[in-house]
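Enquirer: Here's a structure for you.
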Amino acid sequence: ARSEELHLIYTGGIMVQKGVDTAVEAMGLLHQRGEAGDLSLTIVGSGQPEYEAYLMERVSQLGLDGLVTFRGHVPRDQVPGLLREADVFLFTSVWEEPLARSVMEAMASGLAVLATPVGGEKEMLENEVNALTFPPGDAEALARCIQQVRDDPDLRMRLGKAGRETVLERFTLDR
């Protein structure tokens, strides 16, 4: 067994359209298969109280209490510090939102990004180049992505590095 833990993080609104349940269900699938021992997921943000309650309930039902942590609302200026403690950023949105600042922040921090290619993200994300992408709402596909970056540290590093470059290029061009 690897002693190294892989820290996954989600930051953003805790709302149905953000698909945070996909991350919880993916962790549940991995846990069922005995594949989640070295994983932890931190969920940062707030939003719809009923949805938050539902997610917490699912975490308990799936036996993920030790693996999934809800941090609630965190002041903006503390987010970069949380990102630095993580290895992998999850973007689970199920709606066509404009380009998410959270994804750009995660990429700039050099995290490997696992994301749904929706809305503005289609412009930004290239599967297996600067991110691993999975269909919105597909917990099974996300679980596979998590295993891929866990089992292949080189891939994780490569995605993180390419993601950083993507953001740096984008921003300098925009400027």
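By convention in this document, the chains of the structure tokens carry letters A, B, ... by their order, each chain's residues are numbered from 1, and ligands are numbered from 1 in the order they are shown.
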As a list of chain:residue names, please: the residues near stretch 159-163 of chain A (cut-off 7 Å, only C-alpha atoms, same-chain neighbours under 3 positions excluded).
Expert: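 Here the qualifying residues turn out to be A:Met107, A:Ala108, A:Gly110, A:Leu111, A:Ala112, A:Val129, A:Asn130, A:Ala131, A:Leu155, A:Arg156, A:Thr166, A:Val167.
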Enquirer: Just list the residues in stretch 18-147 of chain A DSSP gives alpha helix (DSSP H) on the backbone, as a PyMOL selection string.
Expert: chain A and resi 20-32+49-61+79-85+101-108+121-124+139-147
Enquirer: Please measure the separation of atom CA of A:Met124 and atom CA of A:Glu25, giving the value in Å to one decimal.
Expert: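 Distance between the two atoms: 25.6 Å.
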Enquirer: Excluding stretch 41-53 of chain A and its own-chain neighbours fewer than 5 positions away, which residues fall within 7 Å of it when counting only C-alpha atoms? Please give them as a ChimeraX atom specification.
Expert: /A:7-16,67-74
Enquirer: Please save N, CA and C atoms of the selected residues as a PDB file, in the first residue's frame.
Expert:
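Result file follows (selection.pdb):
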```pdb
ATOM      1  N   HIS A   7      -4.903  13.936  -1.983  1.00  0.00           N
ATOM      2  CA  HIS A   7      -5.924  14.873  -1.515  1.00  0.00           C
ATOM      3  C   HIS A   7      -6.670  15.475  -2.695  1.00  0.00           C
ATOM      4  N   LEU A   8      -7.964  15.221  -2.738  1.00  0.00           N
ATOM      5  CA  LEU A   8      -8.826  15.795  -3.766  1.00  0.00           C
ATOM      6  C   LEU A   8      -9.538  16.992  -3.151  1.00  0.00           C
ATOM      7  N   ILE A   9      -9.794  18.008  -3.978  1.00  0.00           N
ATOM      8  CA  ILE A   9     -10.502  19.173  -3.451  1.00  0.00           C
ATOM      9  C   ILE A   9     -11.532  19.660  -4.468  1.00  0.00           C
ATOM     10  N   TYR A  10     -12.669  20.107  -3.939  1.00  0.00           N
ATOM     11  CA  TYR A  10     -13.673  20.811  -4.737  1.00  0.00           C
ATOM     12  C   TYR A  10     -13.863  22.161  -4.073  1.00  0.00           C
ATOM     13  N   THR A  11     -13.812  23.232  -4.851  1.00  0.00           N
ATOM     14  CA  THR A  11     -14.172  24.538  -4.295  1.00  0.00           C
ATOM     15  C   THR A  11     -15.218  25.157  -5.203  1.00  0.00           C
ATOM     16  N   GLY A  12     -16.221  25.757  -4.601  1.00  0.00           N
ATOM     17  CA  GLY A  12     -17.251  26.402  -5.407  1.00  0.00           C
ATOM     18  C   GLY A  12     -18.586  26.347  -4.700  1.00  0.00           C
ATOM     19  N   GLY A  13     -19.621  26.661  -5.444  1.00  0.00           N
ATOM     20  CA  GLY A  13     -20.955  26.649  -4.861  1.00  0.00           C
ATOM     21  C   GLY A  13     -21.401  25.221  -4.604  1.00  0.00           C
ATOM     22  N   ILE A  14     -22.111  25.031  -3.500  1.00  0.00           N
ATOM     23  CA  ILE A  14     -22.690  23.721  -3.214  1.00  0.00           C
ATOM     24  C   ILE A  14     -24.139  23.783  -3.694  1.00  0.00           C
ATOM     25  N   MET A  15     -24.309  23.573  -4.999  1.00  0.00           N
ATOM     26  CA  MET A  15     -25.624  23.677  -5.627  1.00  0.00           C
ATOM     27  C   MET A  15     -25.783  22.518  -6.584  1.00  0.00           C
ATOM     28  N   VAL A  16     -27.038  22.147  -6.825  1.00  0.00           N
ATOM     29  CA  VAL A  16     -27.319  20.988  -7.665  1.00  0.00           C
ATOM     30  C   VAL A  16     -26.602  21.092  -9.012  1.00  0.00           C
ATOM     31  N   LEU A  67     -13.406  10.068   5.020  1.00  0.00           N
ATOM     32  CA  LEU A  67     -12.725  10.371   3.759  1.00  0.00           C
ATOM     33  C   LEU A  67     -13.139  11.700   3.144  1.00  0.00           C
ATOM     34  N   VAL A  68     -14.361  12.133   3.461  1.00  0.00           N
ATOM     35  CA  VAL A  68     -14.882  13.361   2.860  1.00  0.00           C
ATOM     36  C   VAL A  68     -15.113  14.396   3.948  1.00  0.00           C
ATOM     37  N   THR A  69     -14.555  15.576   3.775  1.00  0.00           N
ATOM     38  CA  THR A  69     -14.676  16.654   4.757  1.00  0.00           C
ATOM     39  C   THR A  69     -15.381  17.844   4.124  1.00  0.00           C
ATOM     40  N   PHE A  70     -16.359  18.377   4.825  1.00  0.00           N
ATOM     41  CA  PHE A  70     -17.026  19.597   4.378  1.00  0.00           C
ATOM     42  C   PHE A  70     -16.432  20.776   5.128  1.00  0.00           C
ATOM     43  N   ARG A  71     -15.858  21.725   4.401  1.00  0.00           N
ATOM     44  CA  ARG A  71     -15.247  22.876   5.066  1.00  0.00           C
ATOM     45  C   ARG A  71     -16.200  24.061   5.169  1.00  0.00           C
ATOM     46  N   GLY A  72     -17.321  23.997   4.441  1.00  0.00           N
ATOM     47  CA  GLY A  72     -18.235  25.136   4.455  1.00  0.00           C
ATOM     48  C   GLY A  72     -17.623  26.324   3.728  1.00  0.00           C
ATOM     49  N   HIS A  73     -18.172  27.493   3.980  1.00  0.00           N
ATOM     50  CA  HIS A  73     -17.693  28.698   3.310  1.00  0.00           C
ATOM     51  C   HIS A  73     -16.312  29.065   3.840  1.00  0.00           C
ATOM     52  N   VAL A  74     -15.406  29.344   2.929  1.00  0.00           N
ATOM     53  CA  VAL A  74     -14.053  29.753   3.305  1.00  0.00           C
ATOM     54  C   VAL A  74     -13.790  31.099   2.625  1.00  0.00           C
TER      55      VAL A  74
END
```
Enquirer: List the spatial neighbours of stretch 150-153 of chain A as a VMD selection string - criterion: any atom at most 12 Å away, only C-alpha atoms, same-chain residues fewer than 3 positions off excluded.
Expert: chain A and resid 1 to 2 4 to 8 30 35 to 40 87 to 88 111 to 112 114 143 to 147 156 to 160
Enquirer: Write out as a ChimeraX atom specification the set of residues from stretch 40-164 of chain A that DSSP, computed on the backbone, places in strand (DSSP E or B).
Expert: /A:40-44,47,68-72,88-91,112-115,127,131-133
Enquirer: With only C-alpha atoms as the basis for distance, which of A:Gly81, A:Gly28, A:Pro75, A:Gly34 is at the shortest distance from A:Gly63?
Expert: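 Using only C-alpha atoms, the shortest distance to A:Gly63 belongs to A:Gly28.
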Enquirer: Counting only C-alpha atoms, figure out which residue out of A:Val79, A:Asp21, A:His31, A:Glu123 gets nearest to A:Arg58.
Expert: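 The answer is A:Asp21, which sits nearest to A:Arg58.
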Enquirer: Using only C-alpha atoms, which residue out of A:Val20, A:Leu62, A:Glu121, A:Glu126 lies closest to A:Arg33?
Expert: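 Once distances to A:Arg33 are computed over only C-alpha atoms, the minimum belongs to A:Leu62.
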Enquirer: Give me the residues near A:Thr92 as an MDAnalysis selection string, where near means some atom within 6 Å (using only C-alpha atoms) and where sequence neighbours in that chain fewer than 4 positions away do not count.
Expert: chainID A and resid 18:20 115:116
Enquirer: So that I have them on file, write out the residues from the current selection with all heavy atoms, as an mmCIF file, in the first residue's frame.
Expert:
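Ended up saving to selection.cif:
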```cif
data_model
loop_
_atom_site.group_PDB
_atom_site.id
_atom_site.type_symbol
_atom_site.label_atom_id
_atom_site.label_comp_id
_atom_site.auth_asym_id
_atom_site.auth_seq_id
_atom_site.Cartn_x
_atom_site.Cartn_y
_atom_site.Cartn_z
ATOM 1 N N LYS A 18 -23.938 22.323 -9.785
ATOM 2 C CA LYS A 18 -22.485 22.161 -9.692
ATOM 3 C C LYS A 18 -22.069 20.691 -9.630
ATOM 4 O O LYS A 18 -20.879 20.377 -9.634
ATOM 5 C CB LYS A 18 -21.950 22.882 -8.453
ATOM 6 C CG LYS A 18 -22.104 24.389 -8.519
ATOM 7 C CD LYS A 18 -21.131 24.991 -9.513
ATOM 8 C CE LYS A 18 -21.039 26.500 -9.334
ATOM 9 N NZ LYS A 18 -19.997 27.056 -10.209
ATOM 10 N N GLY A 19 -23.063 19.793 -9.487
ATOM 11 C CA GLY A 19 -22.773 18.361 -9.594
ATOM 12 C C GLY A 19 -21.866 17.790 -8.518
ATOM 13 O O GLY A 19 -21.195 16.790 -8.747
ATOM 14 N N VAL A 20 -21.853 18.419 -7.347
ATOM 15 C CA VAL A 20 -20.938 17.961 -6.293
ATOM 16 C C VAL A 20 -21.235 16.513 -5.890
ATOM 17 O O VAL A 20 -20.339 15.764 -5.493
ATOM 18 C CB VAL A 20 -21.001 18.884 -5.049
ATOM 19 C CG1 VAL A 20 -19.875 18.552 -4.071
ATOM 20 C CG2 VAL A 20 -20.902 20.352 -5.471
ATOM 21 N N ALA A 115 -12.298 17.219 -14.715
ATOM 22 C CA ALA A 115 -13.368 18.179 -14.958
ATOM 23 C C ALA A 115 -14.371 17.713 -15.999
ATOM 24 O O ALA A 115 -14.048 16.938 -16.904
ATOM 25 C CB ALA A 115 -12.765 19.511 -15.420
ATOM 26 N N THR A 116 -15.584 18.251 -15.882
ATOM 27 C CA THR A 116 -16.587 18.060 -16.924
ATOM 28 C C THR A 116 -16.356 19.136 -17.985
ATOM 29 O O THR A 116 -16.201 20.311 -17.655
ATOM 30 C CB THR A 116 -18.005 18.225 -16.339
ATOM 31 O OG1 THR A 116 -18.073 19.463 -15.611
ATOM 32 C CG2 THR A 116 -18.345 17.079 -15.393
#
```
Enquirer: Looking at only C-alpha atoms, which of A:Leu125, A:Val149, A:Val118, A:Ala23 is the one that sits closest to A:Met104?
Expert: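 Of A:Leu125, A:Val149, A:Val118, A:Ala23, the one nearest A:Met104, counting only C-alpha atoms, is A:Leu125.
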Enquirer: Hey, can you check how far atom CA of A:Pro80 sits from atom CA of A:Glu165?
Expert: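 Between atom CA of A:Pro80 and atom CA of A:Glu165 the gap is 17.5 Å.
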